[in-house]
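Participant: Below you'll find the structure I mean.
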Amino acid sequence: MARRSVLCLGSLAVRLLYGNTVRPLHPSVCSASPQSTAGFKPERVAVVTKTTRYEFEQQRYRYAGVSEEDLKQLLAMKGSSYSGLLERHNIHTNNVEHIVKSLQREGITVRVVKRGEYDEDVVRWADAIISAGGDGTMLLVASKVLSKDKPVVGVNTDPERSEGHLCLPVRYTRAFPEALEKLCRGEFRWLWRQRIRLHLEGTGINPNPVDLHEQQLSLEQHNQAHRFTSMDNLSRTGVLHETFSKPSLLPVRSLNEIFIGESLSSRASYYEISVDDGPWEKQKSSGLSICTGTGSKAWSYNINKLAEQAVEEVLNIAKSQSGHDLPVNQEFVEKVTDEYNKSLVFSPDDRRLFYSVREPIVNRVFSSSRQRGFASKVCVRSRCWDACMVVDGGTSFEFNDGAIATISMSEEDQLRTVLLEN
């Protein structure tokens with residue numbers, strides 16, 4: 001689920017996007033740093049907005065002819081507050097308007113796009129992109145930006161309800177003009193976030209993704225959506241599932257993590273894995289997660305972190321087995337736990353992947369030589385029946401028996417973001 005910043009506006013443009021070194025474009029314009037593309041001036045900015053829960057519920061019942069009053073009652077039956085959802089929606093909307101007006105005051109052409117309308121055409125049109133929402137919206141925005149020269153900025157439009165690790169510090173949500181001024185003065189640094197690329201090959205491949213949106217689809221809806229994309233593929237190509245003899249690069253990039261596993265979480269995932277061109281190993285587990293440095297603070301961290309209770313129990317066993325007088329008190333337990341958990345987090349610009357096998361099954365048939373570790377490349381061959389490969393929790397690819405994924409990083413896939421301190 002983490003976020004960035006960048007934008008330029010009229011006279012603020014080049015300096016905002018490329019830092020401190022000055023070369024006048026006209027009397028009021030700052031210029032680019034030596035590392036930037038000379039003369040780049042973002043005149044067009046796309047603001048991609050999230051779908052609020054209020055909008056989601058409205059759309060969900062709109063086609064059933066449900067009135068606003070009926071919607072209130074339906075939400076109340078589910079234990080949800082209509083007024084609360086409307087309040088959060090209005091906060092988000094007001095903050096989006098604040099961003100848009102701030103940009104327009106600087107002479108920038110702004111295009112506001114709902115996340116469902118965000119596509120490659122929008123990316124091509126924009127010189128820079130602002131994600132207006134939370135971490136989920138930022139991940140969606142980043143997934144379609146394939147050029148490392150196009151800056152992306154995240155703004156948390158509901159900071160009271162959203163963490164927004166990947167966004168500007170929350171105080172700039174309401175003080176967005178101040179953030180722009182700081183960017184123009186060069187009071188920021190570039191943060192190049194490494195991303196994951198995916199190649200698919202083998203049999204049973206359906207390269208058409210299902211967008212999971214911000215609201216998680218039910219298992220039945222998810223499977224149905226994949227069936228629809230498969231049938232669409234059949235009507236276009238004449239085959240239900242294509243066979244790729246050569247790896248095909250998917251047109252998405254992962255900023256956080258890739259997850260591979262059976263759609264039904266209670267079913268064990270069966271696959272083969274090769275790390276850094278090593279031998280193939282048969283595994284059964286609850287799935288496989290492969291993350292970037294950005295994603296090491298997210299799902300991967302929660303998969304691997306230790307609780308103080310577990311650390312205390314292990315230390316007590318070590319104390320009794322070794323005969324050493326370990327100081328197994330609360331302070332020592334907290335220190336050991338913190339040190340271990342901190343070791344799971346690494347830098348967003350690190351060029352390594354980190355893979356985690358969730359709850360591996362180990363017996364005479366299946367093994368797991370390492371449950372987690374760093375790698376440059378991970379290859380996975382599916383032996384699953386109803387599995388998916390999910391990119392950043394929002395884009396799902398069918399990944400069943402015979403499909404092979406090669407997961408790696410490339411210098412050209414970095415995401416250009418800014419780091420703006422409080």
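Here, A, B, ... name the chains of the structure tokens in the order displayed, residue numbers run from 1 inside each chain, and ligands are numbered from 1 in the same displayed order.
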As a ChimeraX atom specification, please: all residues of stretch 319-371 of chain A that backbone DSSP puts in helix (DSSP H, G or I).

Facilitator: /A:319-322,330-342

Participant: Per DSSP on the backbone, filter stretch 59-190 of chain A down to the residues in strand (DSSP E) and report them as a PyMOL selection string.

Facilitator: chain A and resi 109-114+128-133+152-156+189-190

Participant: Could you take the residues named above and write them with C-alpha atoms, as a PDB file, in the first residue's frame?

Facilitator:
```pdb
ATOM      1  CA  THR A 109      -3.388  23.287 -17.111  1.00  0.00           C
ATOM      2  CA  VAL A 110      -5.016  20.761 -14.766  1.00  0.00           C
ATOM      3  CA  ARG A 111      -6.950  17.647 -15.671  1.00  0.00           C
ATOM      4  CA  VAL A 112      -8.851  15.964 -12.833  1.00  0.00           C
ATOM      5  CA  VAL A 113      -9.287  12.228 -13.422  1.00  0.00           C
ATOM      6  CA  LYS A 114     -11.154   9.633 -11.385  1.00  0.00           C
ATOM      7  CA  ALA A 128       3.581  15.411 -13.975  1.00  0.00           C
ATOM      8  CA  ILE A 129       0.942  13.559 -11.980  1.00  0.00           C
ATOM      9  CA  ILE A 130      -0.537  14.171  -8.543  1.00  0.00           C
ATOM     10  CA  SER A 131      -2.188  11.308  -6.692  1.00  0.00           C
ATOM     11  CA  ALA A 132      -5.038  12.759  -4.613  1.00  0.00           C
ATOM     12  CA  GLY A 133      -6.092  10.132  -2.095  1.00  0.00           C
ATOM     13  CA  VAL A 152       4.669  11.679  -9.379  1.00  0.00           C
ATOM     14  CA  VAL A 153       3.472  13.314  -6.150  1.00  0.00           C
ATOM     15  CA  GLY A 154       1.129  11.882  -3.541  1.00  0.00           C
ATOM     16  CA  VAL A 155      -1.157  14.125  -1.506  1.00  0.00           C
ATOM     17  CA  ASN A 156      -3.176  12.588   1.324  1.00  0.00           C
ATOM     18  CA  ARG A 189      15.526  16.058  -2.713  1.00  0.00           C
ATOM     19  CA  TRP A 190      14.763  13.516  -5.377  1.00  0.00           C
TER      20      TRP A 190
END
```

Participant: Can you list, as a VMD selection string, every protein, DNA or RNA residue that comes within 12 Å of A:Gln58 when you count only C-alpha atoms, leaving out same-chain residues fewer than 3 positions away?

Facilitator: chain A and resid 51 to 55 61 to 72 74 to 75 82 85 to 86 89

Participant: Which of these, A:Glu181, A:Asp277, A:Asp121, A:Asp401, has the shortest distance to A:Glu262 once you count only C-alpha atoms?

Facilitator: A:Asp401

Participant: Report the distance between atom CA of A:Asp135 and atom CA of A:Asp392 in Å, rounded to one decimal place.

Facilitator: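 Answer for the atom CA of A:Asp135 to atom CA of A:Asp392 separation: 10.1 Å.
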
Participant: Of the candidates A:Ile361, A:Met409, A:Leu344, A:Leu191, which one gets nearest to A:Ser376 if we count only C-alpha atoms?

Facilitator: A:Met409

Participant: Which is closer to A:Ser162 than all the others in A:Pro360, A:Gly261, A:Thr93, A:Thr137, using only C-alpha atoms?

Facilitator: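 Under the stated criterion, the closest residue is A:Thr137.
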
Participant: Separation of atom CA of A:Trp385 and atom CA of A:Arg267, in Å?

Facilitator: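 Pair atom CA of A:Trp385 / atom CA of A:Arg267 returns 10.0 Å.
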
Participant: Nearest to A:Glu43: which of A:Gln104, A:Asn90, A:Ser80, A:Ser269 is it, counting only C-alpha atoms?

Facilitator: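 The shortest atom-to-atom distance to A:Glu43 comes from A:Gln104.
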
Participant: Atom CA of A:Lys144 and atom CA of A:Gly293, how far apart in Å?

Facilitator: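 One can read the atom CA of A:Gly293 to atom CA of A:Lys144 distance as 19.1 Å.
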
Participant: Using only C-alpha atoms, which of the listed residues (A:Val47, A:Glu187, A:Arg383, A:His199) sits closest to A:Ala268?

Facilitator: A:Arg383

Participant: Have a look at A:Leu353, A:Val275, A:Val252, A:Ile317 and name the one nearest to A:Ile290; count only C-alpha atoms.

Facilitator: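 The shortest atom-to-atom distance to A:Ile290 comes from A:Leu353.
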
Participant: Could you pull the residues within 6 Å of A:Asn400, counting only C-alpha atoms, minus those fewer than 6 positions along the same chain, as a ChimeraX atom specification?

Facilitator: /A:382,384-385,387

Participant: Excluding same-chain residues fewer than 5 positions from A:Leu140, what lies within 10 Å of it counting only C-alpha atoms, as a PyMOL selection string?

Facilitator: chain A and resi 1+48+50+115+118+131+135+145+211+213-214+252-255+391-395

Participant: Those residues you just picked out, can you put them in a file as a CSV table (one decimal), in the first residue's frame with N, CA, C and O atoms?

Facilitator:
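Generated file (part.csv):
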```csv
chain,number,residue,atom,x,y,z
A,1,MET,N,0.3,-0.2,0.0
A,1,MET,CA,0.0,0.0,0.0
A,1,MET,C,1.3,0.9,0.0
A,1,MET,O,1.6,0.7,0.7
A,48,VAL,N,-5.1,12.7,-10.2
A,48,VAL,CA,-5.9,11.5,-10.1
A,48,VAL,C,-6.5,11.3,-8.7
A,48,VAL,O,-5.8,11.2,-7.7
A,50,LYS,N,-9.0,9.5,-5.7
A,50,LYS,CA,-9.6,8.2,-5.3
A,50,LYS,C,-11.1,8.2,-5.4
A,50,LYS,O,-11.7,9.2,-5.5
A,115,ARG,N,-10.0,7.6,-10.6
A,115,ARG,CA,-9.1,6.5,-10.7
A,115,ARG,C,-9.6,5.5,-11.7
A,115,ARG,O,-8.8,4.9,-12.4
A,118,TYR,N,-8.3,6.7,-15.2
A,118,TYR,CA,-6.9,6.8,-15.3
A,118,TYR,C,-6.3,5.7,-16.2
A,118,TYR,O,-6.4,4.6,-15.9
A,131,SER,N,-1.2,12.3,-7.2
A,131,SER,CA,-2.2,11.3,-6.7
A,131,SER,C,-2.9,12.0,-5.5
A,131,SER,O,-2.3,12.3,-4.5
A,135,ASP,N,-2.5,5.9,0.1
A,135,ASP,CA,-1.5,5.1,-0.5
A,135,ASP,C,-2.0,4.2,-1.7
A,135,ASP,O,-1.3,4.0,-2.6
A,145,VAL,N,2.8,4.6,-14.7
A,145,VAL,CA,3.9,5.6,-15.2
A,145,VAL,C,5.1,4.8,-15.5
A,145,VAL,O,5.9,4.3,-14.5
A,211,ASP,N,-8.9,-5.1,-12.4
A,211,ASP,CA,-8.6,-4.0,-11.5
A,211,ASP,C,-9.5,-4.2,-10.3
A,211,ASP,O,-10.7,-4.2,-10.3
A,213,HIS,N,-9.7,-2.2,-7.7
A,213,HIS,CA,-10.1,-0.9,-7.2
A,213,HIS,C,-9.7,-0.8,-5.7
A,213,HIS,O,-8.9,-1.6,-5.2
A,214,GLU,N,-10.2,0.2,-5.1
A,214,GLU,CA,-9.9,0.4,-3.7
A,214,GLU,C,-10.7,-0.6,-2.8
A,214,GLU,O,-10.4,-0.9,-1.7
A,252,VAL,N,2.7,-3.0,-16.5
A,252,VAL,CA,2.5,-2.4,-15.1
A,252,VAL,C,3.9,-2.6,-14.4
A,252,VAL,O,4.7,-3.4,-14.7
A,253,ARG,N,4.1,-1.7,-13.4
A,253,ARG,CA,5.2,-1.8,-12.5
A,253,ARG,C,4.7,-1.7,-11.1
A,253,ARG,O,3.8,-1.0,-10.7
A,254,SER,N,5.4,-2.5,-10.2
A,254,SER,CA,5.0,-2.6,-8.8
A,254,SER,C,5.9,-1.8,-8.0
A,254,SER,O,7.1,-2.0,-7.9
A,255,LEU,N,5.2,-0.9,-7.2
A,255,LEU,CA,6.0,0.0,-6.3
A,255,LEU,C,6.1,-0.7,-4.9
A,255,LEU,O,7.1,-0.5,-4.2
A,391,VAL,N,-0.6,-7.3,-8.2
A,391,VAL,CA,0.3,-6.2,-8.1
A,391,VAL,C,-0.2,-5.1,-7.2
A,391,VAL,O,-1.2,-4.5,-7.5
A,392,ASP,N,0.6,-4.8,-6.2
A,392,ASP,CA,0.3,-3.7,-5.3
A,392,ASP,C,-1.2,-3.7,-4.7
A,392,ASP,O,-1.8,-2.7,-4.5
A,393,GLY,N,-1.7,-4.9,-4.6
A,393,GLY,CA,-3.0,-5.1,-4.0
A,393,GLY,C,-4.2,-4.6,-4.9
A,393,GLY,O,-5.3,-4.6,-4.4
A,394,GLY,N,-3.9,-4.1,-6.1
A,394,GLY,CA,-5.0,-3.5,-6.9
A,394,GLY,C,-5.1,-4.1,-8.3
A,394,GLY,O,-6.2,-3.9,-8.9
A,395,THR,N,-4.1,-4.8,-8.8
A,395,THR,CA,-4.2,-5.3,-10.2
A,395,THR,C,-3.9,-6.8,-10.1
A,395,THR,O,-2.9,-7.2,-9.7
```

Participant: Quick one: residues within 7 Å of A:Asp349, only C-alpha atoms counted, chain neighbours fewer than 4 positions away excluded, as an MDAnalysis selection string?

Facilitator: chainID A and resid 192:194 293
